[in-house]
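So this one's query-v8.csv, CSV, C-alpha atoms:
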chain,number,residue,atom,x,y,z
H,4,MET,CA,-5.5,5.3,71.5
H,5,PHE,CA,-9.2,4.8,70.5
H,6,GLU,CA,-11.5,2.1,71.7
H,7,MET,CA,-11.9,0.7,68.2
H,8,ASN,CA,-8.2,0.5,67.5
H,9,GLU,CA,-7.8,-3.0,69.1
H,10,MET,CA,-10.3,-4.4,66.6
H,11,PHE,CA,-8.7,-2.6,63.7
H,12,LEU,CA,-5.2,-3.8,64.6
H,13,THR,CA,-6.4,-7.4,64.4
H,14,GLN,CA,-8.1,-6.7,61.1
H,15,LEU,CA,-4.9,-5.2,59.6
H,16,GLN,CA,-2.9,-8.4,59.7
H,17,PRO,CA,-1.2,-8.9,56.3
H,18,THR,CA,-3.0,-11.2,53.9
H,19,ASN,CA,-1.8,-12.3,50.4
H,20,ALA,CA,-5.1,-13.6,49.1
H,21,ARG,CA,-8.5,-12.0,49.3
H,22,ASN,CA,-11.7,-13.7,48.1
H,23,SER,CA,-13.5,-12.0,45.3
H,24,GLU,CA,-16.7,-12.5,43.4
H,25,GLN,CA,-16.3,-14.8,40.5
H,26,GLN,CA,-15.5,-13.1,37.2
H,27,ARG,CA,-18.6,-12.3,35.2
H,28,GLY,CA,-19.6,-9.8,32.5
H,29,ARG,CA,-20.0,-6.3,33.6
H,30,ARG,CA,-23.5,-5.5,34.9
H,31,LYS,CA,-25.4,-2.3,34.2
H,32,SER,CA,-25.3,0.2,37.0
H,33,THR,CA,-27.4,3.3,37.7
H,34,SER,CA,-26.4,6.3,35.5
H,35,VAL,CA,-26.3,9.7,37.2
H,36,HIS,CA,-25.1,11.7,34.2
H,37,ALA,CA,-27.2,14.8,33.5
H,38,ASP,CA,-25.6,14.8,30.0
H,39,PRO,CA,-24.6,11.3,29.0
H,40,THR,CA,-22.6,12.7,26.0
H,41,MET,CA,-20.4,15.2,27.9
H,42,GLN,CA,-16.7,14.6,27.5
H,43,THR,CA,-14.3,14.9,30.4
H,44,SER,CA,-10.7,16.2,29.8
H,45,ALA,CA,-8.0,13.5,30.1
H,46,LEU,CA,-6.2,15.7,32.7
H,47,GLU,CA,-9.3,15.9,34.9
H,48,HIS,CA,-10.0,12.2,34.5
H,49,LEU,CA,-6.5,11.0,35.4
H,50,LEU,CA,-6.3,13.3,38.4
H,51,THR,CA,-9.8,12.0,39.5
H,52,ARG,CA,-8.4,8.4,39.4
H,53,LEU,CA,-5.8,9.3,42.0
H,54,MET,CA,-8.2,11.4,44.2
H,55,THR,CA,-10.8,8.7,44.1
H,56,VAL,CA,-8.5,6.4,46.0
H,57,PHE,CA,-8.5,8.7,49.0
H,58,TYR,CA,-12.3,9.2,49.0
H,59,GLN,CA,-12.9,5.5,48.7
H,60,ALA,CA,-10.5,4.7,51.5
H,61,GLY,CA,-12.7,6.7,53.9
H,62,ALA,CA,-15.9,5.3,52.5
H,63,THR,CA,-14.5,1.7,52.9
H,64,GLN,CA,-13.7,2.4,56.5
H,65,LYS,CA,-17.3,3.5,57.2
H,66,GLU,CA,-18.8,0.5,55.3
H,67,ALA,CA,-16.6,-1.8,57.3
H,68,ASP,CA,-17.7,-0.2,60.6
H,69,HIS,CA,-21.3,-0.3,59.6
H,70,LEU,CA,-21.4,-3.9,58.5
H,71,LEU,CA,-19.0,-5.0,61.3
H,72,ILE,CA,-16.5,-6.7,59.0
H,73,PRO,CA,-12.7,-6.3,58.8
H,74,ARG,CA,-11.7,-3.3,56.7
H,75,ASN,CA,-9.4,-5.4,54.5
H,76,GLU,CA,-12.3,-7.7,53.6
H,77,VAL,CA,-14.5,-5.0,51.9
H,78,LEU,CA,-12.6,-4.7,48.6
H,79,CYS,CA,-10.2,-6.6,46.5
H,80,ALA,CA,-8.3,-6.0,43.2
H,81,GLY,CA,-9.9,-6.9,40.0
H,82,ARG,CA,-11.7,-5.6,36.8
H,83,SER,CA,-14.7,-3.4,37.2
H,84,GLN,CA,-17.9,-5.4,37.8
H,85,TYR,CA,-20.4,-2.6,36.9
H,86,GLN,CA,-20.7,0.0,34.2
H,87,ASP,CA,-23.3,2.8,33.8
H,88,ARG,CA,-22.9,3.4,30.0
H,89,ASN,CA,-20.9,2.7,26.8
H,90,SER,CA,-19.3,5.2,24.5
H,91,SER,CA,-20.9,5.7,21.0
H,92,ASP,CA,-18.0,7.9,19.9
H,93,LYS,CA,-15.0,5.9,18.5
H,94,ARG,CA,-12.6,8.6,19.8
H,95,LEU,CA,-13.8,8.2,23.4
H,96,HIS,CA,-13.9,5.5,26.0
H,97,ALA,CA,-16.4,5.2,28.9
H,98,SER,CA,-13.7,5.0,31.5
H,99,HIS,CA,-14.1,4.0,35.2
H,100,VAL,CA,-12.6,6.3,37.8
H,101,ILE,CA,-11.8,3.3,40.0
H,102,ARG,CA,-11.0,-0.3,39.2
H,103,ILE,CA,-11.9,-2.4,42.2
H,104,GLN,CA,-14.2,-5.3,43.2
H,105,LEU,CA,-16.3,-6.1,46.2
H,106,ALA,CA,-14.8,-9.0,48.2
H,107,GLN,CA,-16.9,-12.1,48.9
H,108,LYS,CA,-17.4,-11.3,52.6
H,109,MET,CA,-18.7,-7.8,51.7
H,110,LEU,CA,-21.0,-9.3,49.0
H,111,SER,CA,-22.5,-11.7,51.6
H,112,LYS,CA,-23.1,-8.8,54.0
H,113,LEU,CA,-24.7,-6.6,51.4
H,114,GLU,CA,-27.4,-9.2,50.7
H,115,GLY,CA,-29.3,-7.6,53.7
H,116,PHE,CA,-28.5,-4.1,52.6
H,117,PRO,CA,-29.9,-3.7,49.0
H,118,ASP,CA,-29.9,0.2,49.1
H,119,LEU,CA,-26.3,0.3,50.2
H,120,HIS,CA,-25.3,-2.3,47.6
H,121,GLU,CA,-27.0,-0.2,44.9
H,122,ASP,CA,-25.1,2.9,46.0
H,123,ILE,CA,-21.8,1.1,45.9
H,124,LYS,CA,-22.5,-0.3,42.5
H,125,THR,CA,-23.4,3.2,41.2
H,126,HIS,CA,-20.1,4.5,42.5
H,127,PHE,CA,-18.0,1.7,41.1
H,128,GLY,CA,-19.9,1.7,37.8
H,129,TYR,CA,-19.5,5.4,37.2
H,130,THR,CA,-17.6,6.3,34.0
H,131,GLU,CA,-16.4,9.4,32.2
H,132,LEU,CA,-16.1,9.9,28.5
H,133,VAL,CA,-12.4,10.5,27.8
H,134,GLU,CA,-9.9,10.3,25.0
H,135,LYS,CA,-9.1,6.6,24.4
H,136,TRP,CA,-5.4,6.9,25.2
H,137,ALA,CA,-6.2,7.8,28.8
H,138,ASN,CA,-8.0,4.5,29.3
H,139,MET,CA,-6.5,2.0,26.8
H,140,TRP,CA,-4.8,-1.1,28.2
H,141,GLY,CA,-1.1,-0.9,27.7
H,142,GLY,CA,-0.9,2.8,28.6
H,143,ILE,CA,-1.1,5.0,31.7
H,144,GLY,CA,-4.7,4.1,32.2
H,145,GLN,CA,-3.8,0.4,32.9
H,146,ASN,CA,-0.9,1.4,35.2
H,147,ILE,CA,-3.1,3.7,37.3
H,148,ASP,CA,-5.8,1.0,37.4
H,149,GLU,CA,-3.3,-1.6,38.7
H,150,LEU,CA,-2.0,0.8,41.3
H,151,GLN,CA,-5.3,1.7,42.9
H,152,ALA,CA,-5.9,-1.5,44.9
H,153,PRO,CA,-2.4,-1.5,46.5
H,154,LEU,CA,-2.8,2.2,47.4
H,155,LEU,CA,-6.2,1.5,49.0
H,156,LYS,CA,-4.5,-1.2,51.1
H,157,LEU,CA,-1.8,1.2,52.2
H,158,LEU,CA,-4.5,3.7,53.3
H,159,GLU,CA,-6.1,1.1,55.5
H,160,VAL,CA,-3.9,2.2,58.3
H,161,VAL,CA,-5.5,5.7,58.3
H,162,ASP,CA,-8.4,6.4,60.6
H,163,PHE,CA,-10.7,8.7,58.7
H,164,SER,CA,-13.3,8.8,61.5
H,165,GLN,CA,-11.1,11.2,63.3
H,166,ASP,CA,-10.8,14.9,62.5
H,167,PRO,CA,-8.1,15.4,61.4
H,168,PRO,CA,-7.4,11.8,60.2
H,169,CYS,CA,-4.7,10.0,62.0
H,170,LEU,CA,-3.0,6.6,62.0
H,171,ILE,CA,-4.8,3.7,63.7
H,172,GLY,CA,-2.9,3.1,66.9
H,173,SER,CA,0.4,1.3,66.8
H,174,ILE,CA,0.6,-0.4,63.4
H,175,PRO,CA,2.9,-3.5,63.3
H,176,GLU,CA,6.0,-2.9,61.2
H,177,SER,CA,5.4,-6.2,59.5
H,178,TYR,CA,2.2,-4.8,58.0
H,179,TYR,CA,4.0,-1.8,56.5
H,180,LYS,CA,6.8,-4.0,55.2
H,181,GLU,CA,4.4,-6.4,53.4
H,182,THR,CA,2.3,-3.5,52.0
H,183,LEU,CA,5.3,-1.6,50.7
H,184,ASN,CA,6.7,-4.8,49.3
H,185,ASP,CA,3.4,-5.4,47.4
H,186,LEU,CA,3.6,-1.9,46.0
H,187,TYR,CA,7.3,-2.4,45.0
H,188,GLU,CA,6.4,-5.6,43.1
H,189,GLN,CA,3.5,-3.9,41.4
H,190,LEU,CA,5.7,-0.9,40.4
H,191,LYS,CA,8.4,-3.3,39.0
H,192,LYS,CA,5.7,-4.6,36.5
H,193,ILE,CA,4.7,-1.0,35.6
H,194,GLU,CA,8.1,0.7,35.4
H,195,THR,CA,10.6,-1.7,33.9
H,196,ASN,CA,13.5,0.6,34.7
H,197,ASP,CA,14.4,-1.1,38.0
H,198,SER,CA,16.9,1.6,38.9
H,199,VAL,CA,14.1,4.2,39.2
H,200,ILE,CA,12.1,1.9,41.6
H,201,MET,CA,15.2,0.8,43.6
H,202,LYS,CA,16.3,4.4,44.1
H,203,PHE,CA,12.8,5.5,45.4
H,204,HIS,CA,12.3,2.3,47.5
H,205,SER,CA,15.6,2.7,49.2
H,206,THR,CA,14.6,6.0,50.6
H,207,ILE,CA,11.5,4.7,52.4
H,208,SER,CA,11.1,2.5,55.5
H,209,PRO,CA,8.4,1.7,58.0
H,210,GLY,CA,10.2,3.8,60.6
H,211,LEU,CA,9.7,7.0,58.6
H,212,ILE,CA,5.9,6.6,58.6
H,213,VAL,CA,4.9,8.6,61.7
H,214,GLY,CA,1.6,10.1,60.5
H,215,PRO,CA,-1.1,9.9,57.8
H,216,GLY,CA,0.7,12.6,55.8
H,217,GLU,CA,3.6,10.2,55.1
H,218,ILE,CA,1.1,7.7,53.8
H,219,VAL,CA,-0.5,10.2,51.4
H,220,GLU,CA,2.9,11.3,50.2
H,221,LEU,CA,3.8,7.7,49.4
H,222,CYS,CA,0.6,7.4,47.3
H,223,ILE,CA,1.6,10.6,45.4
H,224,GLN,CA,5.2,9.4,44.8
H,225,TYR,CA,4.1,6.1,43.5
H,226,THR,CA,1.7,7.8,41.1
H,227,LYS,CA,4.5,10.2,40.0
H,228,ILE,CA,6.7,7.2,39.0
H,229,VAL,CA,3.9,6.1,36.7
H,230,VAL,CA,3.5,9.5,35.1
H,231,ARG,CA,7.2,10.1,34.7
H,232,LYS,CA,7.5,6.7,33.0
H,233,TRP,CA,5.3,7.8,30.2
H,234,LEU,CA,6.8,11.3,30.0
H,235,LYS,CA,10.2,9.7,29.3
H,236,PHE,CA,8.9,7.0,27.0
H,237,SER,CA,10.3,7.4,23.4
H,238,GLY,CA,9.3,4.2,21.6
H,239,ASN,CA,6.7,3.5,19.0
H,240,HIS,CA,3.6,3.6,21.1
H,241,PHE,CA,0.2,5.3,21.2
H,242,MET,CA,1.3,7.2,24.3
H,243,ASN,CA,4.3,8.8,22.6
H,244,LYS,CA,2.6,11.9,21.2
H,245,ALA,CA,3.4,15.5,22.0
H,246,SER,CA,-0.2,16.4,22.9
H,247,ILE,CA,-0.3,13.5,25.4
H,248,LYS,CA,3.0,14.4,27.0
H,249,ASP,CA,1.8,18.0,27.4
H,250,ILE,CA,-1.1,16.7,29.5
H,251,LEU,CA,1.1,14.4,31.5
H,252,SER,CA,3.5,17.3,32.2
H,253,GLN,CA,0.5,19.2,33.6
H,254,LEU,CA,-0.5,16.2,35.7
H,255,ASN,CA,3.1,15.9,37.0
H,256,VAL,CA,3.0,19.5,38.1
H,257,LEU,CA,-0.3,18.9,39.9
H,258,LEU,CA,1.2,15.8,41.7
H,259,ARG,CA,4.3,17.8,42.6
H,260,THR,CA,2.2,20.5,44.2
H,261,SER,CA,-0.4,18.2,45.8
H,262,ASN,CA,-1.6,19.2,49.3
H,263,THR,CA,-1.6,16.2,51.6
H,264,ASN,CA,-4.1,17.7,54.0
H,265,HIS,CA,-6.6,18.2,51.2
H,266,LEU,CA,-6.3,14.6,50.1
H,267,LEU,CA,-6.7,13.4,53.6
H,268,GLN,CA,-9.8,15.6,53.8
H,269,LEU,CA,-11.2,13.7,50.8
H,270,GLY,CA,-10.9,10.5,52.8
H,271,ARG,CA,-12.7,12.2,55.6
H,272,ASP,CA,-15.4,13.3,53.2
H,273,GLY,CA,-15.8,9.7,52.0
H,274,TYR,CA,-16.3,8.6,55.6
H,275,LYS,CA,-18.7,11.4,56.5
H,276,ASN,CA,-20.7,10.8,53.4
H,277,TYR,CA,-21.7,7.3,54.5
H,278,VAL,CA,-22.2,8.5,58.1
H,279,GLN,CA,-24.9,10.8,56.7
H,280,GLN,CA,-26.4,8.2,54.4
H,281,LEU,CA,-26.5,5.2,56.6
H,282,SER,CA,-29.4,5.2,59.1
H,283,ALA,CA,-28.8,4.2,62.7
H,284,ALA,CA,-31.2,1.2,62.5
H,285,PRO,CA,-31.5,-1.4,65.3
H,286,LYS,CA,-29.1,-4.3,65.1
H,287,GLU,CA,-30.0,-7.9,64.6
H,288,ASN,CA,-27.4,-10.6,65.4
H,289,GLY,CA,-24.7,-7.9,65.7
H,290,VAL,CA,-25.4,-6.3,62.4
H,291,ALA,CA,-27.4,-3.2,61.7
H,292,ASN,CA,-30.8,-3.7,60.0
H,293,GLY,CA,-30.7,-3.2,56.3
H,294,ASN,CA,-33.4,-0.6,55.8
H,295,ASN,CA,-31.1,2.2,54.8
H,296,ASP,CA,-32.2,5.0,52.6
H,297,VAL,CA,-29.2,5.5,50.4
H,298,SER,CA,-29.7,7.6,47.3
H,299,SER,CA,-27.5,8.0,44.2
H,300,ASN,CA,-30.0,9.9,42.1
H,301,SER,CA,-27.8,13.0,41.9
H,302,VAL,CA,-24.4,13.2,40.3
H,303,ASN,CA,-23.3,15.2,43.4
H,304,ALA,CA,-23.8,12.0,45.4
H,305,VAL,CA,-21.3,10.1,43.2
H,306,TRP,CA,-17.7,11.2,43.7
H,307,GLY,CA,-18.9,14.8,44.2
H,308,PRO,CA,-16.2,16.0,46.5
H,309,VAL,CA,-13.6,14.3,44.3
H,310,LYS,CA,-14.7,16.0,41.1
H,311,GLU,CA,-15.0,19.4,42.9
H,312,MET,CA,-11.4,19.1,44.2
H,313,ALA,CA,-10.0,17.9,40.9
H,314,ARG,CA,-11.6,20.8,39.0
H,315,SER,CA,-10.4,23.3,41.7
H,316,VAL,CA,-6.8,22.1,41.5
H,317,ILE,CA,-6.7,22.1,37.7
H,318,GLY,CA,-8.1,25.7,37.8
H,319,GLN,CA,-5.0,26.7,39.6
H,320,LEU,CA,-2.7,25.7,36.8
H,321,PRO,CA,-1.0,28.6,35.2
H,322,TRP,CA,-2.4,29.5,31.8
H,323,LEU,CA,1.0,29.5,30.2
H,324,SER,CA,3.8,27.0,31.0
H,325,THR,CA,7.4,28.0,31.4
H,326,VAL,CA,8.1,26.7,27.9
H,327,ASP,CA,5.3,28.8,26.5
H,328,VAL,CA,6.7,31.9,28.1
H,329,LEU,CA,10.2,31.2,26.7
H,330,VAL,CA,8.9,30.6,23.2
H,331,ILE,CA,6.8,33.8,23.3
H,332,LEU,CA,9.9,35.7,24.4
H,333,ALA,CA,11.9,34.2,21.6
H,334,ILE,CA,9.2,35.1,19.1
H,335,LEU,CA,9.3,38.7,20.3
H,336,VAL,CA,13.1,38.9,20.1
H,337,ILE,CA,13.1,37.4,16.6
H,338,MET,CA,10.3,39.7,15.4
H,339,THR,CA,12.2,42.8,16.8
H,340,LEU,CA,15.3,41.7,14.9
H,341,ILE,CA,13.3,41.1,11.7
H,342,ILE,CA,11.7,44.5,11.9
H,343,SER,CA,15.0,46.1,12.5
H,344,LEU,CA,16.7,44.3,9.6
H,345,ILE,CA,13.8,45.0,7.2
H,346,SER,CA,14.1,48.7,8.1
H,347,LYS,CA,17.8,48.5,7.5
H,348,CYS,CA,17.3,46.8,4.1
H,349,ILE,CA,14.9,49.5,3.0
H,350,THR,CA,17.1,52.3,4.0
H,351,SER,CA,20.3,50.8,2.5
H,352,HIS,CA,18.5,49.7,-0.8
H,353,MET,CA,19.6,46.0,-0.4
H,354,ASP,CA,19.0,44.0,-3.6
H,355,LEU,CA,17.5,40.5,-3.8
H,356,SER,CA,20.8,38.6,-3.7
H,357,ASP,CA,22.0,40.4,-0.7
H,358,PHE,CA,18.7,39.8,1.0
H,359,ARG,CA,19.0,36.0,0.4
H,360,ASN,CA,22.5,35.9,1.8
H,361,SER,CA,21.5,37.9,4.9
H,362,ILE,CA,20.3,36.4,8.3
H,363,LEU,CA,16.8,37.7,7.7
H,364,PRO,CA,15.4,34.7,5.8
H,365,ARG,CA,16.7,32.4,8.6
H,366,LEU,CA,15.1,34.5,11.2
H,367,LEU,CA,11.8,34.4,9.4
H,368,VAL,CA,12.0,30.6,9.3
H,369,ILE,CA,12.8,30.3,13.0
H,370,GLY,CA,10.0,32.7,13.8
H,371,TRP,CA,7.5,30.7,11.8
H,372,TYR,CA,8.5,27.5,13.6
H,373,CYS,CA,8.1,29.1,17.0
H,374,LEU,CA,4.7,30.5,16.1
H,375,SER,CA,3.6,27.0,14.7
H,376,PHE,CA,4.7,25.4,18.0
H,377,VAL,CA,2.7,27.8,20.1
H,378,PHE,CA,-0.4,27.7,17.9
H,379,LYS,CA,-0.3,23.8,17.8
H,380,LYS,CA,0.0,23.7,21.6
H,381,TRP,CA,-2.9,26.1,22.2
H,382,LYS,CA,-5.2,24.6,19.6
Representation of the structure as C-alpha cells:
Amino acid sequence: MFEMNEMFLTQLQPTNARNSEQQRGRRKSTSVHADPTMQTSALEHLLTRLMTVFYQAGATQKEADHLLIPRNEVLCAGRSQYQDRNSSDKRLHASHVIRIQLAQKMLSKLEGFPDLHEDIKTHFGYTELVEKWANMWGGIGQNIDELQAPLLKLLEVVDFSQDPPCLIGSIPESYYKETLNDLYEQLKKIETNDSVIMKFHSTISPGLIVGPGEIVELCIQYTKIVVRKWLKFSGNHFMNKASIKDILSQLNVLLRTSNTNHLLQLGRDGYKNYVQQLSAAPKENGVANGNNDVSSNSVNAVWGPVKEMARSVIGQLPWLSTVDVLVILAILVIMTLIISLISKCITSHMDLSDFRNSILPRLLVIGWYCLSFVFKKWK
C-alpha cells in the first residue's frame, strides 16, 4: 500500500515485554504554565486524558520514523518519570494528562537528540491542577492511567502520516487478537463485573476492524466501560458522591457523542507537529543528526490541539441536562398548584386546622426539595 508499510508490519509483531528505564524518582521537567495556580475542571481534565492518547499516537509514529526505530519500542507502560510542578493546595492534585514511560531503546536514541528529549519530557511531565478525586489512586484516575498504554498499543496500527489517517497495510489478525486480549485482561482488573466486559468483548473481533474509525471507536468504548463503572458504583468510596457522578454523567455524554474523525485528526496533528519541529538534518549511520530546534516554551506547544478540542467539545454540552429540565418543570407545576390552593384558601376563609390537613403543606415541602436539588446542582 505504502512503501513504509513493509517495515511497519515487521515492527508490529506482538510483544509481551518491553524494556523500560529503571524506576527512579520523578525528575523536574520544564513548566509551560502562564499561571501555575490555575485550576482545571475535572471534566476537562478527564476528557483531556482520553484525547491525549490519540495525539500521542501520532507523535509516537513520527518520533519512530525520525529515529528509525520500531514504533512499538518508543513507549512502554509505567508511572510518570517527569513532573513540572507540585500542588500547594490540599484540595488539588498536580495531575499528569498521560501516564507513560520512554522505552529503553528510545532513551538510547535520544542521547543524540537532547532538544527532542527535552520536548518529550515537557509533554510527559505536564500536569493540571484538578480536584483530588479525579487523580487519586483507587478511583477513575487510576483506571484511565492504566488504560492509556494499551490504547496506545492498539493505535499503533493507524498510519497518521496519511491524510486522512488509515490502517497500515494488511495487519496480521494475530496482532489484533493479542492487543484486544491485553485490553480485555486490563479491563477485567478495572471492572470487576465480568459480565459487562464479556458482553462487550463478545461483540468485537479482528474481522470487524476494517478502518481506523473502528480502532477509535474501540478506544471510546473501553473508556466508557470505566466511566460507567463509577457511575454505577454505590459502595462506601470517595468516588461515590453526587457531585462527582454529575461530572461523570457529563463525561459519558461526551464519550457517547464523540466524533471519530475529530479524534483521528488529533493523531494527525500530533504527527504533523513533529514534522514541523524536527529539522531535516543530514543522517549519520542511518540516523538523522541531533541538532534539532525543538521548543516547548509556549503552552500552545504542549498538548495545544488536545486542550483546544477538549474545551470546544465541553462548550457544546447543553447548559441544562434532561434531569434539570424535568425538575424545573415539576417546580413550575407545584408552584402553580400552590398559588391556586392559596388563592382558594383565601377566598373560602380556610382555618389553620383545615390548612394543615390539606395537600398544600405537602406541596410546599416537595417544592422546597426540588428547589434545593437544583440550587445544589448549579452551585
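Between CA of Leu254 (chain H) and CA of Leu170 (chain H) the separation is 28.1 Å.
From CA of Gln42 (chain H) back to CA of Arg88 (chain H), the distance works out to 13.0 Å.
Within the 10 Å cut-off around Ser261 (chain H), using only C-alpha atoms and omitting residues fewer than 5 positions from it on the same chain, the listed residues are H:Val219, H:Glu220, H:Ile223, H:Asn255, H:Val256, H:Leu266, H:Val316.
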### Task
Quick one: everything within 9 Å of Ser252 (chain H), counting only C-alpha atoms, minus sequence neighbours fewer than 5 positions away in the same chain. Send it as JSON, numbers by chain.
{"H": [230, 231, 234, 247, 257]}
### Message
Which residues are close to Asp272 (chain H), i.e. within 12 Å by only C-alpha atoms, leaving aside same-chain residues fewer than 5 positions away? Reply as a VMD selection string.
### Response
chain H and resid 54 to 55 57 to 65 163 to 168 265 to 267 277 to 279 304 306 to 309 311 to 312
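Computed from the coordinates, the CA of Ala97 (chain H) to CA of Glu131 (chain H) distance equals 5.3 Å.
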Env of Ile143 (chain H): 12 Å cut, atoms = all atoms listed in the file, seq-sep filter 3 positions within chain, self excluded. Answer as a PDB file with C-alpha atoms, in the coordinates of the input.
ATOM      1  CA  ALA H  45      -8.000  13.500  30.100  1.00  0.00           C
ATOM      2  CA  LEU H  46      -6.200  15.700  32.700  1.00  0.00           C
ATOM      3  CA  HIS H  48     -10.000  12.200  34.500  1.00  0.00           C
ATOM      4  CA  LEU H  49      -6.500  11.000  35.400  1.00  0.00           C
ATOM      5  CA  LEU H  50      -6.300  13.300  38.400  1.00  0.00           C
ATOM      6  CA  ARG H  52      -8.400   8.400  39.400  1.00  0.00           C
ATOM      7  CA  LYS H 135      -9.100   6.600  24.400  1.00  0.00           C
ATOM      8  CA  TRP H 136      -5.400   6.900  25.200  1.00  0.00           C
ATOM      9  CA  ALA H 137      -6.200   7.800  28.800  1.00  0.00           C
ATOM     10  CA  ASN H 138      -8.000   4.500  29.300  1.00  0.00           C
ATOM     11  CA  MET H 139      -6.500   2.000  26.800  1.00  0.00           C
ATOM     12  CA  TRP H 140      -4.800  -1.100  28.200  1.00  0.00           C
ATOM     13  CA  ASN H 146      -0.900   1.400  35.200  1.00  0.00           C
ATOM     14  CA  ILE H 147      -3.100   3.700  37.300  1.00  0.00           C
ATOM     15  CA  ASP H 148      -5.800   1.000  37.400  1.00  0.00           C
ATOM     16  CA  GLU H 149      -3.300  -1.600  38.700  1.00  0.00           C
ATOM     17  CA  LEU H 150      -2.000   0.800  41.300  1.00  0.00           C
ATOM     18  CA  ILE H 193       4.700  -1.000  35.600  1.00  0.00           C
ATOM     19  CA  GLU H 194       8.100   0.700  35.400  1.00  0.00           C
ATOM     20  CA  THR H 226       1.700   7.800  41.100  1.00  0.00           C
ATOM     21  CA  LYS H 227       4.500  10.200  40.000  1.00  0.00           C
ATOM     22  CA  ILE H 228       6.700   7.200  39.000  1.00  0.00           C
ATOM     23  CA  VAL H 229       3.900   6.100  36.700  1.00  0.00           C
ATOM     24  CA  VAL H 230       3.500   9.500  35.100  1.00  0.00           C
ATOM     25  CA  ARG H 231       7.200  10.100  34.700  1.00  0.00           C
ATOM     26  CA  LYS H 232       7.500   6.700  33.000  1.00  0.00           C
ATOM     27  CA  TRP H 233       5.300   7.800  30.200  1.00  0.00           C
ATOM     28  CA  LEU H 234       6.800  11.300  30.000  1.00  0.00           C
ATOM     29  CA  PHE H 236       8.900   7.000  27.000  1.00  0.00           C
ATOM     30  CA  HIS H 240       3.600   3.600  21.100  1.00  0.00           C
ATOM     31  CA  PHE H 241       0.200   5.300  21.200  1.00  0.00           C
ATOM     32  CA  MET H 242       1.300   7.200  24.300  1.00  0.00           C
ATOM     33  CA  ASN H 243       4.300   8.800  22.600  1.00  0.00           C
ATOM     34  CA  ILE H 247      -0.300  13.500  25.400  1.00  0.00           C
ATOM     35  CA  LYS H 248       3.000  14.400  27.000  1.00  0.00           C
ATOM     36  CA  ILE H 250      -1.100  16.700  29.500  1.00  0.00           C
ATOM     37  CA  LEU H 251       1.100  14.400  31.500  1.00  0.00           C
ATOM     38  CA  LEU H 254      -0.500  16.200  35.700  1.00  0.00           C
TER      39      LEU H 254
END
#### Entry: Neighbour list for Lys156 (chain H) as number ranges by chain, cut-off 12 Å, only C-alpha atoms, skip fewer than 2 positions in-chain
H: 14-19, 21, 56-57, 59-61, 63-64, 74-80, 103, 150-154, 158-161, 178-179, 181-186, 218, 222
#### Entry: Selected residue, from H:Thr33, H:Ser173, H:Ser237, H:Gln145, that lies nearest to Ile212 (chain H) when counting only C-alpha atoms
H:Ser173
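Of the listed residues H:Arg30, H:His204, H:His36, H:Lys192, the one whose atoms come nearest to Lys180 (chain H) is H:His204, with distances taken using all atoms listed in the file.
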Centre, edges in Å (one decimal): axis-aligned box, region 116-126 of chain H, 8 Å padding on all six sides, as JSON:
{"center_x": -25.0, "center_y": 0.2, "center_z": 46.9, "size_x": 25.8, "size_y": 24.6, "size_z": 27.4}
